[in-house]
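*Asks:* Take a look at this one; I'll ask things after.
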Amino acid sequence: MAQTQGFGRKYIKAFLKGFFVAVPVTVTFLDRVACIARVEGASMQPSLNPEERQVSDVVLLNHWSIRNYEVQRGDIVSLV
């Protein structure tokens with residue numbers, strides 16, 4: 001019984017360590033590098049959501065290029 005409690009504490013401790021490392025890394029990545037967004041509606045047709053499908057498109061928004069002013073003609077820019 002004592003070994004089971006020790007295993008449980010180790011498991012919880014390891015989980016909390018991983019959690020407190022993963023959350024800041026993930027938040028920083030989503031804020032500084034890239035994030036995923038869903039595009040719905042007809043405003044971006046025909047590039048996104050062609051033929052008025054009911055399914056929305058999922059896109060990767062690249063924050064890094066915007067921070068380095070690497071936007072080129074033909075790029076789709078999103079204001080979030």
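To be explicit about the labels: the chains of the structure tokens are called A, B, and onward in the order shown, and within each one the residues are counted from 1, while ligands get numbers from 1 in the order they are shown.
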Excluding Leu48 of chain A and residues on its chain fewer than 4 positions from it, collect all residues at most 10 Å away from it, counting only C-alpha atoms, and give them as a PyMOL selection string.
*Replies:* chain A and resi 39-44+52-53+56-59
*Asks:* Restricting it to all heavy atoms, dump the selection as a PDB file, in the first residue's frame.
*Replies:*
ATOM      1  N   VAL A  39     -11.373  28.975 -41.140  1.00  0.00           N
ATOM      2  CA  VAL A  39     -11.932  29.967 -42.053  1.00  0.00           C
ATOM      3  C   VAL A  39     -13.316  29.484 -42.469  1.00  0.00           C
ATOM      4  O   VAL A  39     -13.461  28.420 -43.054  1.00  0.00           O
ATOM      5  CB  VAL A  39     -11.032  30.170 -43.286  1.00  0.00           C
ATOM      6  CG1 VAL A  39     -11.649  31.169 -44.242  1.00  0.00           C
ATOM      7  CG2 VAL A  39      -9.650  30.597 -42.868  1.00  0.00           C
ATOM      8  N   GLU A  40     -14.319  30.302 -42.164  1.00  0.00           N
ATOM      9  CA  GLU A  40     -15.699  29.964 -42.514  1.00  0.00           C
ATOM     10  C   GLU A  40     -16.298  31.110 -43.325  1.00  0.00           C
ATOM     11  O   GLU A  40     -15.919  32.261 -43.144  1.00  0.00           O
ATOM     12  CB  GLU A  40     -16.529  29.746 -41.256  1.00  0.00           C
ATOM     13  CG  GLU A  40     -16.048  28.608 -40.399  1.00  0.00           C
ATOM     14  CD  GLU A  40     -16.802  28.509 -39.087  1.00  0.00           C
ATOM     15  OE1 GLU A  40     -17.385  29.511 -38.652  1.00  0.00           O
ATOM     16  OE2 GLU A  40     -16.781  27.416 -38.500  1.00  0.00           O
ATOM     17  N   GLY A  41     -17.221  30.797 -44.190  1.00  0.00           N
ATOM     18  CA  GLY A  41     -17.926  31.827 -44.928  1.00  0.00           C
ATOM     19  C   GLY A  41     -17.392  32.027 -46.336  1.00  0.00           C
ATOM     20  O   GLY A  41     -16.419  31.426 -46.753  1.00  0.00           O
ATOM     21  N   ALA A  42     -18.052  32.937 -47.035  1.00  0.00           N
ATOM     22  CA  ALA A  42     -17.766  33.153 -48.453  1.00  0.00           C
ATOM     23  C   ALA A  42     -16.777  34.283 -48.703  1.00  0.00           C
ATOM     24  O   ALA A  42     -16.445  34.562 -49.844  1.00  0.00           O
ATOM     25  CB  ALA A  42     -19.065  33.454 -49.188  1.00  0.00           C
ATOM     26  N   SER A  43     -16.277  34.931 -47.671  1.00  0.00           N
ATOM     27  CA  SER A  43     -15.434  36.108 -47.880  1.00  0.00           C
ATOM     28  C   SER A  43     -14.101  35.785 -48.542  1.00  0.00           C
ATOM     29  O   SER A  43     -13.512  36.653 -49.186  1.00  0.00           O
ATOM     30  CB  SER A  43     -15.178  36.808 -46.543  1.00  0.00           C
ATOM     31  OG  SER A  43     -14.461  35.959 -45.679  1.00  0.00           O
ATOM     32  N   MET A  44     -13.600  34.565 -48.403  1.00  0.00           N
ATOM     33  CA  MET A  44     -12.300  34.209 -48.973  1.00  0.00           C
ATOM     34  C   MET A  44     -12.419  33.307 -50.201  1.00  0.00           C
ATOM     35  O   MET A  44     -11.443  32.719 -50.626  1.00  0.00           O
ATOM     36  CB  MET A  44     -11.430  33.528 -47.919  1.00  0.00           C
ATOM     37  CG  MET A  44     -10.963  34.437 -46.802  1.00  0.00           C
ATOM     38  SD  MET A  44     -10.001  35.833 -47.389  1.00  0.00           S
ATOM     39  CE  MET A  44      -8.616  35.013 -48.117  1.00  0.00           C
ATOM     40  N   GLU A  52     -18.785  27.005 -51.864  1.00  0.00           N
ATOM     41  CA  GLU A  52     -19.682  27.133 -50.714  1.00  0.00           C
ATOM     42  C   GLU A  52     -19.915  25.820 -49.990  1.00  0.00           C
ATOM     43  O   GLU A  52     -21.039  25.453 -49.663  1.00  0.00           O
ATOM     44  CB  GLU A  52     -21.006  27.755 -51.149  1.00  0.00           C
ATOM     45  CG  GLU A  52     -20.846  29.158 -51.663  1.00  0.00           C
ATOM     46  CD  GLU A  52     -22.174  29.805 -51.970  1.00  0.00           C
ATOM     47  OE1 GLU A  52     -23.166  29.464 -51.314  1.00  0.00           O
ATOM     48  OE2 GLU A  52     -22.192  30.653 -52.854  1.00  0.00           O
ATOM     49  N   ARG A  53     -18.857  25.103 -49.738  1.00  0.00           N
ATOM     50  CA  ARG A  53     -18.971  23.855 -48.980  1.00  0.00           C
ATOM     51  C   ARG A  53     -19.386  24.165 -47.552  1.00  0.00           C
ATOM     52  O   ARG A  53     -19.129  25.239 -47.029  1.00  0.00           O
ATOM     53  CB  ARG A  53     -17.638  23.105 -48.955  1.00  0.00           C
ATOM     54  CG  ARG A  53     -17.185  22.615 -50.307  1.00  0.00           C
ATOM     55  CD  ARG A  53     -15.898  21.844 -50.177  1.00  0.00           C
ATOM     56  NE  ARG A  53     -14.871  22.738 -49.617  1.00  0.00           N
ATOM     57  CZ  ARG A  53     -13.744  22.318 -49.083  1.00  0.00           C
ATOM     58  NH1 ARG A  53     -13.482  21.037 -49.012  1.00  0.00           N
ATOM     59  NH2 ARG A  53     -12.866  23.166 -48.610  1.00  0.00           N
ATOM     60  N   SER A  56     -15.559  23.906 -43.102  1.00  0.00           N
ATOM     61  CA  SER A  56     -14.662  25.060 -43.057  1.00  0.00           C
ATOM     62  C   SER A  56     -13.222  24.614 -43.308  1.00  0.00           C
ATOM     63  O   SER A  56     -12.859  23.480 -43.044  1.00  0.00           O
ATOM     64  CB  SER A  56     -14.772  25.760 -41.708  1.00  0.00           C
ATOM     65  OG  SER A  56     -14.410  24.875 -40.681  1.00  0.00           O
ATOM     66  N   ASP A  57     -12.407  25.525 -43.802  1.00  0.00           N
ATOM     67  CA  ASP A  57     -10.991  25.248 -44.022  1.00  0.00           C
ATOM     68  C   ASP A  57     -10.196  25.593 -42.767  1.00  0.00           C
ATOM     69  O   ASP A  57     -10.541  26.522 -42.039  1.00  0.00           O
ATOM     70  CB  ASP A  57     -10.451  26.066 -45.194  1.00  0.00           C
ATOM     71  CG  ASP A  57     -10.897  25.522 -46.541  1.00  0.00           C
ATOM     72  OD1 ASP A  57     -11.287  24.347 -46.588  1.00  0.00           O
ATOM     73  OD2 ASP A  57     -10.846  26.269 -47.530  1.00  0.00           O
ATOM     74  N   VAL A  58      -9.128  24.859 -42.547  1.00  0.00           N
ATOM     75  CA  VAL A  58      -8.233  25.110 -41.423  1.00  0.00           C
ATOM     76  C   VAL A  58      -6.907  25.587 -41.997  1.00  0.00           C
ATOM     77  O   VAL A  58      -6.355  24.968 -42.911  1.00  0.00           O
ATOM     78  CB  VAL A  58      -8.031  23.838 -40.573  1.00  0.00           C
ATOM     79  CG1 VAL A  58      -7.071  24.087 -39.442  1.00  0.00           C
ATOM     80  CG2 VAL A  58      -9.367  23.342 -40.043  1.00  0.00           C
ATOM     81  N   VAL A  59      -6.414  26.714 -41.479  1.00  0.00           N
ATOM     82  CA  VAL A  59      -5.175  27.303 -42.003  1.00  0.00           C
ATOM     83  C   VAL A  59      -4.180  27.527 -40.861  1.00  0.00           C
ATOM     84  O   VAL A  59      -4.561  27.628 -39.698  1.00  0.00           O
ATOM     85  CB  VAL A  59      -5.453  28.644 -42.727  1.00  0.00           C
ATOM     86  CG1 VAL A  59      -6.272  28.435 -43.967  1.00  0.00           C
ATOM     87  CG2 VAL A  59      -6.121  29.636 -41.799  1.00  0.00           C
TER      88      VAL A  59
END
*Asks:* Name all residues at most 9 Å from Trp64 of chain A (count only C-alpha atoms; drop same-chain ones fewer than 5 positions away) and give them as number ranges by chain.
*Replies:* A: 32-34, 69-70
*Asks:* Okay, now the selection with all heavy atoms, as a PDB file, in the first residue's frame?
*Replies:*
ATOM      1  N   ARG A  32       4.036  33.781 -30.725  1.00  0.00           N
ATOM      2  CA  ARG A  32       5.172  34.315 -31.469  1.00  0.00           C
ATOM      3  C   ARG A  32       5.423  33.661 -32.826  1.00  0.00           C
ATOM      4  O   ARG A  32       5.926  34.312 -33.737  1.00  0.00           O
ATOM      5  CB  ARG A  32       6.458  34.170 -30.644  1.00  0.00           C
ATOM      6  CG  ARG A  32       6.423  34.868 -29.334  1.00  0.00           C
ATOM      7  CD  ARG A  32       6.459  36.340 -29.534  1.00  0.00           C
ATOM      8  NE  ARG A  32       6.411  37.012 -28.233  1.00  0.00           N
ATOM      9  CZ  ARG A  32       6.446  38.308 -28.114  1.00  0.00           C
ATOM     10  NH1 ARG A  32       6.530  39.062 -29.170  1.00  0.00           N
ATOM     11  NH2 ARG A  32       6.365  38.846 -26.927  1.00  0.00           N
ATOM     12  N   VAL A  33       5.127  32.381 -32.984  1.00  0.00           N
ATOM     13  CA  VAL A  33       5.522  31.665 -34.199  1.00  0.00           C
ATOM     14  C   VAL A  33       4.337  31.417 -35.128  1.00  0.00           C
ATOM     15  O   VAL A  33       4.321  31.894 -36.255  1.00  0.00           O
ATOM     16  CB  VAL A  33       6.230  30.333 -33.844  1.00  0.00           C
ATOM     17  CG1 VAL A  33       6.629  29.595 -35.102  1.00  0.00           C
ATOM     18  CG2 VAL A  33       7.453  30.602 -32.977  1.00  0.00           C
ATOM     19  N   ALA A  34       3.354  30.666 -34.680  1.00  0.00           N
ATOM     20  CA  ALA A  34       2.237  30.320 -35.555  1.00  0.00           C
ATOM     21  C   ALA A  34       1.061  29.834 -34.728  1.00  0.00           C
ATOM     22  O   ALA A  34       1.222  29.418 -33.586  1.00  0.00           O
ATOM     23  CB  ALA A  34       2.652  29.231 -36.544  1.00  0.00           C
ATOM     24  N   TYR A  69       8.514  41.279 -41.411  1.00  0.00           N
ATOM     25  CA  TYR A  69       8.079  42.011 -42.610  1.00  0.00           C
ATOM     26  C   TYR A  69       8.375  41.247 -43.893  1.00  0.00           C
ATOM     27  O   TYR A  69       8.893  41.800 -44.850  1.00  0.00           O
ATOM     28  CB  TYR A  69       8.713  43.406 -42.658  1.00  0.00           C
ATOM     29  CG  TYR A  69       8.398  44.237 -41.448  1.00  0.00           C
ATOM     30  CD1 TYR A  69       9.350  44.459 -40.460  1.00  0.00           C
ATOM     31  CD2 TYR A  69       7.140  44.790 -41.272  1.00  0.00           C
ATOM     32  CE1 TYR A  69       9.064  45.214 -39.336  1.00  0.00           C
ATOM     33  CE2 TYR A  69       6.833  45.540 -40.153  1.00  0.00           C
ATOM     34  CZ  TYR A  69       7.805  45.756 -39.193  1.00  0.00           C
ATOM     35  OH  TYR A  69       7.511  46.490 -38.085  1.00  0.00           O
ATOM     36  N   GLU A  70       8.061  39.959 -43.908  1.00  0.00           N
ATOM     37  CA  GLU A  70       8.298  39.129 -45.085  1.00  0.00           C
ATOM     38  C   GLU A  70       7.000  38.836 -45.841  1.00  0.00           C
ATOM     39  O   GLU A  70       6.824  37.771 -46.402  1.00  0.00           O
ATOM     40  CB  GLU A  70       8.965  37.823 -44.668  1.00  0.00           C
ATOM     41  CG  GLU A  70      10.343  38.000 -44.091  1.00  0.00           C
ATOM     42  CD  GLU A  70      10.943  36.711 -43.563  1.00  0.00           C
ATOM     43  OE1 GLU A  70      10.293  35.660 -43.687  1.00  0.00           O
ATOM     44  OE2 GLU A  70      12.053  36.762 -43.025  1.00  0.00           O
TER      45      GLU A  70
END
*Asks:* Can you tell me, as JSON, numbers by chain, which residues in chain A count as helix (DSSP H, G or I) by DSSP?
*Replies:* {"A": [2, 3, 4, 5, 6, 7, 8, 9, 10, 11, 12, 13, 14, 15, 16, 17, 18, 19, 20, 21, 22, 23, 24, 25, 26, 27, 28, 29, 30, 31, 32, 50, 51, 52, 63, 64, 65, 66, 67]}
*Asks:* Looking at A:Asp31, A:Ser47, A:Phe20, A:Arg38, which one is nearest to Ile76 of chain A, with distances taken over only C-alpha atoms?
*Replies:*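 Ranked by minimum distance to Ile76 of chain A, first place goes to A:Ser47.
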*Asks:* Could you pull out the residues in chain A that DSSP calls strand (DSSP E or B) from the backbone, as a ChimeraX atom specification?
*Replies:* /A:34-39,57-62
*Asks:* Only C-alpha atoms, please: the residues just picked out, written as a PDB file, in the first residue's frame.
*Replies:*
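So part15.pdb came out as:
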ATOM      1  CA  ALA A  34       2.237  30.320 -35.555  1.00  0.00           C
ATOM      2  CA  CYS A  35      -1.307  29.319 -34.678  1.00  0.00           C
ATOM      3  CA  ILE A  36      -4.142  27.399 -36.296  1.00  0.00           C
ATOM      4  CA  ALA A  37      -7.390  29.105 -37.344  1.00  0.00           C
ATOM      5  CA  ARG A  38     -10.623  28.068 -39.011  1.00  0.00           C
ATOM      6  CA  VAL A  39     -11.932  29.967 -42.053  1.00  0.00           C
ATOM      7  CA  ASP A  57     -10.991  25.248 -44.022  1.00  0.00           C
ATOM      8  CA  VAL A  58      -8.233  25.110 -41.423  1.00  0.00           C
ATOM      9  CA  VAL A  59      -5.175  27.303 -42.003  1.00  0.00           C
ATOM     10  CA  LEU A  60      -1.850  27.914 -40.280  1.00  0.00           C
ATOM     11  CA  LEU A  61      -1.297  31.595 -39.461  1.00  0.00           C
ATOM     12  CA  ASN A  62       2.413  32.394 -39.616  1.00  0.00           C
TER      13      ASN A  62
END
*Asks:* Mind giving me the straight-line distance from atom CA of Leu79 of chain A to atom CA of His63 of chain A in Å, one decimal?
*Replies:*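 Answer for the atom CA of Leu79 of chain A to atom CA of His63 of chain A separation: 10.8 Å.
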